[in-house]
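**Student:** Structure incoming, see below.
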Amino acid sequence: MYIIAGLGNPGSQYTLTRHNAGFLVIDRIAALLNLGNEQKQFNAMILKGQAGSEKILLMKPLTYMNLSGNAVQPALHFYKESTDHLIVISDDINLPPGQVRIRKGGSAGGHNGLSDIIRRLSTDDFIRVRCGVGNNFDKGKQADYVLSPFPSSEFELTETMIIQAAESVLTIVTDGLPKAMNKYNQTKQNNQREN
């Protein structure tokens with residue numbers, strides 16, 4: 001089983017904010033697989049399904065971003081899965097708006113949700129799908145920036161990013177991490193070179 005956690009904050013006031021990119025990707029995956037009927041378990045809203053021959057558990061932690069590990073760690077423990085089968089989706093201010101980047105392992109890059117998961121799991125060795133939101137904010141205003149809605153000027157870019165991130169997660173599950181990295185990381189790099 002793959003455990004797929006999209007990071008964000010619960011509550012309608014956060015729904016379309018940059019920090020909730022992970023939740024938006026989970027919703028898109030659920031739509032692509034025609035999954036419904038969310039349930040509450042592991043301090044998260046969850047959906048169970050299948051992608052190809054693999055079972056998946058989709059998670060949207062209800063712990064608020066800074067305590068995301070309080071949802072991810074219990075799920076991983078319950079299903080006795082290794083971190084090789086953990087995919088975490090998050091926003092990333094270190095990537096340009098609209099860019100999707102897949103990697104395994106590495107630092108949290110200043111992201112509090114990833115930091116908490118690393119702390120709770122005592123390892124950074126899991127797959128991340130990072131959704132670029134840019135860093136167009138003044139010093140000391142990072143929290144205001146990530147907790148503000150995606151601007152209307154970036155609507156199309158954001159929609160494409162959410163779709164690509166969702167498809168990249170399903171590619172990881174069905175075809176493996178190397179193929180997903182080659183397809184989705186390379187695609188965005190090529191687009192940047194062309195622009």
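By convention in this document, the chains of the structure tokens carry letters A, B, ... by their order, each chain's residues are numbered from 1, and ligands are numbered from 1 in the order they are shown.
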Using DSSP assignments from the backbone, pull out every residue in region 74-183 of chain A that falls under strand (DSSP E) and give it to me as a list of chain:residue names.

**Tutor:**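 Strand (DSSP E) members of region 74-183 of chain A, listed: A:Leu86, A:Ile87, A:Val88, A:Ile89, A:Ser90, A:Asp91, A:Asp92, A:Val100, A:Arg101, A:Ile102, A:Arg103, A:Lys104, A:Ile127, A:Arg128, A:Val129, A:Arg130, A:Cys131, A:Gly132.
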
**Student:** I need the residues from that last selection saved to file as a PDB file, in the first residue's frame (with C-alpha atoms), if you can.

**Tutor:**
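For reference, out_36.pdb as written:
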ATOM      1  CA  LEU A  86       5.082   7.169   1.701  1.00  0.00           C
ATOM      2  CA  ILE A  87       4.408  10.090  -0.657  1.00  0.00           C
ATOM      3  CA  VAL A  88       4.003  13.568   0.853  1.00  0.00           C
ATOM      4  CA  ILE A  89       2.620  16.441  -1.241  1.00  0.00           C
ATOM      5  CA  SER A  90       3.317  20.009  -0.150  1.00  0.00           C
ATOM      6  CA  ASP A  91       3.587  23.596  -1.302  1.00  0.00           C
ATOM      7  CA  ASP A  92       7.117  24.912  -1.830  1.00  0.00           C
ATOM      8  CA  VAL A 100       6.104  20.393  -9.840  1.00  0.00           C
ATOM      9  CA  ARG A 101       9.218  18.711  -8.469  1.00  0.00           C
ATOM     10  CA  ILE A 102       9.585  15.135  -7.252  1.00  0.00           C
ATOM     11  CA  ARG A 103      12.405  13.969  -5.025  1.00  0.00           C
ATOM     12  CA  LYS A 104      13.172  11.366  -2.390  1.00  0.00           C
ATOM     13  CA  ILE A 127       9.036  10.671  -1.489  1.00  0.00           C
ATOM     14  CA  ARG A 128       7.951  14.306  -1.788  1.00  0.00           C
ATOM     15  CA  VAL A 129       5.927  15.934  -4.538  1.00  0.00           C
ATOM     16  CA  ARG A 130       6.540  19.651  -4.208  1.00  0.00           C
ATOM     17  CA  CYS A 131       4.185  22.238  -5.715  1.00  0.00           C
ATOM     18  CA  GLY A 132       5.786  25.582  -6.459  1.00  0.00           C
TER      19      GLY A 132
END

**Student:** With only C-alpha atoms as the counted atoms, please give the residues lying no more than 12 Å from region 15-19 of chain A, apart from itself and same-chain residues fewer than 6 positions off, as a compact mmCIF listing (two decimals) with C-alpha atoms, in the first residue's frame.

**Tutor:**
# COMPACT_ATOMS: atom_id res chain seq x y z
CA GLY A 6 -1.33 15.96 1.05
CA LEU A 7 -0.41 18.69 3.51
CA GLY A 8 -2.60 21.64 4.39
CA ASN A 9 -4.80 23.19 7.05
CA VAL A 25 -3.77 17.53 -5.10
CA ASP A 27 -8.82 16.04 -4.01
CA LYS A 60 -5.51 15.10 4.46
CA TYR A 64 -2.85 21.74 11.05
CA MET A 65 0.32 22.01 9.05
CA ASN A 66 2.89 22.21 11.85
CA ILE A 89 2.62 16.44 -1.24
CA SER A 90 3.32 20.01 -0.15
CA ASP A 91 3.59 23.60 -1.30
CA ASP A 92 7.12 24.91 -1.83
CA ILE A 93 8.19 28.56 -1.79
CA PRO A 97 4.66 29.13 -9.21
CA GLY A 98 3.28 26.20 -11.18
CA HIS A 111 8.57 23.69 5.42
CA ASN A 112 7.08 23.13 8.89
CA GLY A 113 4.81 20.28 7.81
CA ARG A 130 6.54 19.65 -4.21
CA CYS A 131 4.19 22.24 -5.71
CA GLY A 132 5.79 25.58 -6.46
CA VAL A 133 4.08 28.68 -5.07
CA GLY A 134 6.96 31.14 -5.47
CA ASN A 135 8.30 33.53 -2.86
CA GLN A 142 6.08 34.32 4.62
CA ALA A 143 3.18 33.12 6.79
CA ASP A 144 0.83 35.74 5.33
CA TYR A 145 1.93 34.75 1.84
CA VAL A 146 1.42 30.99 2.11
CA LEU A 147 -1.87 31.44 3.97
CA SER A 148 -3.27 33.72 1.26
CA PRO A 149 -5.27 32.40 -1.70
CA PHE A 150 -3.71 31.65 -5.05
CA PRO A 151 -4.11 34.89 -7.06
CA SER A 152 -6.55 34.90 -9.96
CA GLU A 154 -2.16 32.37 -11.51
CA PHE A 155 -5.39 30.38 -11.74
CA THR A 158 -2.15 26.60 -10.51
CA GLU A 159 -4.80 24.35 -12.06
CA MET A 161 0.17 22.31 -11.48
CA ILE A 162 -2.47 20.52 -9.39

**Student:** Do you have the CA of Ile118 (chain A)-CA of Arg28 (chain A) distance handy?

**Tutor:** 25.2 Å

**Student:** CA of Leu62 (chain A) to CA of Leu35 (chain A): how many Å, to one decimal?

**Tutor:** 19.2 Å

**Student:** I'd like to know which residues of region 15-91 of chain A are alpha helix (DSSP H) (by DSSP, run on the backbone); could you write them as a list in words?

**Tutor:** Ala21, Gly22, Phe23, Leu24, Val25, Ile26, Asp27, Arg28, Ile29, Ala30, Ala31, Leu32, Gly69, Asn70, Ala71, Val72, Gln73, Pro74, Ala75, Leu76, His77 and Phe78 of chain A

**Student:** Take the residues that were just selected and, keeping N, CA and C atoms, output them as a PDB file, in the first residue's frame.

**Tutor:**
ATOM      1  N   ALA A  21      -1.932  23.434  -1.065  1.00  0.00           N
ATOM      2  CA  ALA A  21      -1.712  22.764  -2.349  1.00  0.00           C
ATOM      3  C   ALA A  21      -1.811  21.250  -2.198  1.00  0.00           C
ATOM      4  N   GLY A  22      -1.285  20.723  -1.094  1.00  0.00           N
ATOM      5  CA  GLY A  22      -1.338  19.279  -0.875  1.00  0.00           C
ATOM      6  C   GLY A  22      -2.757  18.744  -0.801  1.00  0.00           C
ATOM      7  N   PHE A  23      -3.640  19.463  -0.098  1.00  0.00           N
ATOM      8  CA  PHE A  23      -5.048  19.071  -0.027  1.00  0.00           C
ATOM      9  C   PHE A  23      -5.679  19.083  -1.426  1.00  0.00           C
ATOM     10  N   LEU A  24      -5.361  20.115  -2.202  1.00  0.00           N
ATOM     11  CA  LEU A  24      -5.942  20.239  -3.536  1.00  0.00           C
ATOM     12  C   LEU A  24      -5.515  19.089  -4.441  1.00  0.00           C
ATOM     13  N   VAL A  25      -4.260  18.654  -4.296  1.00  0.00           N
ATOM     14  CA  VAL A  25      -3.775  17.525  -5.096  1.00  0.00           C
ATOM     15  C   VAL A  25      -4.476  16.232  -4.677  1.00  0.00           C
ATOM     16  N   ILE A  26      -4.653  16.037  -3.379  1.00  0.00           N
ATOM     17  CA  ILE A  26      -5.379  14.845  -2.899  1.00  0.00           C
ATOM     18  C   ILE A  26      -6.791  14.826  -3.464  1.00  0.00           C
ATOM     19  N   ASP A  27      -7.469  15.968  -3.446  1.00  0.00           N
ATOM     20  CA  ASP A  27      -8.822  16.045  -4.008  1.00  0.00           C
ATOM     21  C   ASP A  27      -8.824  15.689  -5.488  1.00  0.00           C
ATOM     22  N   ARG A  28      -7.791  16.132  -6.216  1.00  0.00           N
ATOM     23  CA  ARG A  28      -7.702  15.833  -7.648  1.00  0.00           C
ATOM     24  C   ARG A  28      -7.469  14.339  -7.885  1.00  0.00           C
ATOM     25  N   ILE A  29      -6.595  13.725  -7.077  1.00  0.00           N
ATOM     26  CA  ILE A  29      -6.371  12.280  -7.210  1.00  0.00           C
ATOM     27  C   ILE A  29      -7.671  11.524  -6.955  1.00  0.00           C
ATOM     28  N   ALA A  30      -8.380  11.926  -5.912  1.00  0.00           N
ATOM     29  CA  ALA A  30      -9.658  11.275  -5.591  1.00  0.00           C
ATOM     30  C   ALA A  30     -10.638  11.401  -6.758  1.00  0.00           C
ATOM     31  N   ALA A  31     -10.665  12.569  -7.400  1.00  0.00           N
ATOM     32  CA  ALA A  31     -11.554  12.772  -8.547  1.00  0.00           C
ATOM     33  C   ALA A  31     -11.130  11.908  -9.735  1.00  0.00           C
ATOM     34  N   LEU A  32      -9.822  11.827  -9.979  1.00  0.00           N
ATOM     35  CA  LEU A  32      -9.327  11.010 -11.093  1.00  0.00           C
ATOM     36  C   LEU A  32      -9.675   9.541 -10.918  1.00  0.00           C
ATOM     37  N   GLY A  69       2.993  15.368  11.156  1.00  0.00           N
ATOM     38  CA  GLY A  69       3.516  14.054  11.530  1.00  0.00           C
ATOM     39  C   GLY A  69       2.586  13.281  12.447  1.00  0.00           C
ATOM     40  N   ASN A  70       1.711  14.003  13.178  1.00  0.00           N
ATOM     41  CA  ASN A  70       0.769  13.343  14.078  1.00  0.00           C
ATOM     42  C   ASN A  70      -0.312  12.576  13.328  1.00  0.00           C
ATOM     43  N   ALA A  71      -0.425  12.794  12.041  1.00  0.00           N
ATOM     44  CA  ALA A  71      -1.339  12.016  11.207  1.00  0.00           C
ATOM     45  C   ALA A  71      -0.578  10.967  10.400  1.00  0.00           C
ATOM     46  N   VAL A  72       0.543  11.366   9.818  1.00  0.00           N
ATOM     47  CA  VAL A  72       1.278  10.482   8.914  1.00  0.00           C
ATOM     48  C   VAL A  72       1.896   9.304   9.661  1.00  0.00           C
ATOM     49  N   GLN A  73       2.514   9.561  10.802  1.00  0.00           N
ATOM     50  CA  GLN A  73       3.200   8.484  11.522  1.00  0.00           C
ATOM     51  C   GLN A  73       2.243   7.379  11.986  1.00  0.00           C
ATOM     52  N   PRO A  74       1.082   7.699  12.570  1.00  0.00           N
ATOM     53  CA  PRO A  74       0.166   6.626  12.975  1.00  0.00           C
ATOM     54  C   PRO A  74      -0.326   5.778  11.800  1.00  0.00           C
ATOM     55  N   ALA A  75      -0.556   6.398  10.651  1.00  0.00           N
ATOM     56  CA  ALA A  75      -1.010   5.631   9.480  1.00  0.00           C
ATOM     57  C   ALA A  75       0.073   4.680   9.000  1.00  0.00           C
ATOM     58  N   LEU A  76       1.295   5.192   8.936  1.00  0.00           N
ATOM     59  CA  LEU A  76       2.421   4.358   8.503  1.00  0.00           C
ATOM     60  C   LEU A  76       2.608   3.178   9.469  1.00  0.00           C
ATOM     61  N   HIS A  77       2.483   3.461  10.763  1.00  0.00           N
ATOM     62  CA  HIS A  77       2.641   2.420  11.784  1.00  0.00           C
ATOM     63  C   HIS A  77       1.525   1.384  11.688  1.00  0.00           C
ATOM     64  N   PHE A  78       0.291   1.839  11.516  1.00  0.00           N
ATOM     65  CA  PHE A  78      -0.867   0.937  11.474  1.00  0.00           C
ATOM     66  C   PHE A  78      -0.744  -0.047  10.315  1.00  0.00           C
TER      67      PHE A  78
END

**Student:** Tell me which protein, DNA and RNA residues are within 8 Å of Lys48 (chain A), counting only C-alpha atoms, leaving out same-chain ones fewer than 4 positions away, and put them as a PyMOL selection string.

**Tutor:** chain A and resi 35+55-58

**Student:** Just N, CA and C atoms for this one: save the residues we selected as a PDB file, in the first residue's frame.

**Tutor:**
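again.pdb, freshly written:
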ATOM      1  N   LEU A  35     -13.067   8.349  -6.322  1.00  0.00           N
ATOM      2  CA  LEU A  35     -13.198   7.947  -4.931  1.00  0.00           C
ATOM      3  C   LEU A  35     -14.085   8.948  -4.197  1.00  0.00           C
ATOM      4  N   LYS A  55      -2.802  -0.767  -3.819  1.00  0.00           N
ATOM      5  CA  LYS A  55      -3.743  -0.115  -2.913  1.00  0.00           C
ATOM      6  C   LYS A  55      -3.152   1.210  -2.464  1.00  0.00           C
ATOM      7  N   ILE A  56      -4.006   2.199  -2.266  1.00  0.00           N
ATOM      8  CA  ILE A  56      -3.541   3.506  -1.807  1.00  0.00           C
ATOM      9  C   ILE A  56      -4.428   4.016  -0.678  1.00  0.00           C
ATOM     10  N   LEU A  57      -3.823   4.812   0.176  1.00  0.00           N
ATOM     11  CA  LEU A  57      -4.541   5.533   1.224  1.00  0.00           C
ATOM     12  C   LEU A  57      -4.249   7.009   1.024  1.00  0.00           C
ATOM     13  N   LEU A  58      -5.273   7.778   0.722  1.00  0.00           N
ATOM     14  CA  LEU A  58      -5.132   9.226   0.578  1.00  0.00           C
ATOM     15  C   LEU A  58      -5.430   9.873   1.920  1.00  0.00           C
TER      16      LEU A  58
END

**Student:** Could you work out how far CA of Ala44 (chain A) lies from CA of Tyr14 (chain A), giving the answer in Å with one decimal?

**Tutor:** 15.7 Å

**Student:** As a list of chain:residue names, please: the residues near Met59 (chain A) (cut-off 7 Å, only C-alpha atoms, same-chain neighbours under 4 positions excluded).

**Tutor:**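 Selected residues are A:Ile4, A:Ala5, A:Gly6, A:Ala44, A:Met45, A:Ile46, A:Leu47.
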
**Student:** Write to file, as a short mmCIF file (atom, residue, chain, number, x, y, z; two decimals), in the first residue's frame, the residues of the selection just made, with C-alpha atoms.

**Tutor:**
data_model
loop_
_atom_site.label_atom_id
_atom_site.label_comp_id
_atom_site.auth_asym_id
_atom_site.auth_seq_id
_atom_site.Cartn_x
_atom_site.Cartn_y
_atom_site.Cartn_z
CA ILE A 4 -0.22 9.50 0.13
CA ALA A 5 -0.45 12.54 2.39
CA GLY A 6 -1.33 15.96 1.05
CA ALA A 44 -6.91 12.92 9.06
CA MET A 45 -9.62 12.69 6.47
CA ILE A 46 -8.84 9.56 4.49
CA LEU A 47 -9.92 7.77 1.34
#
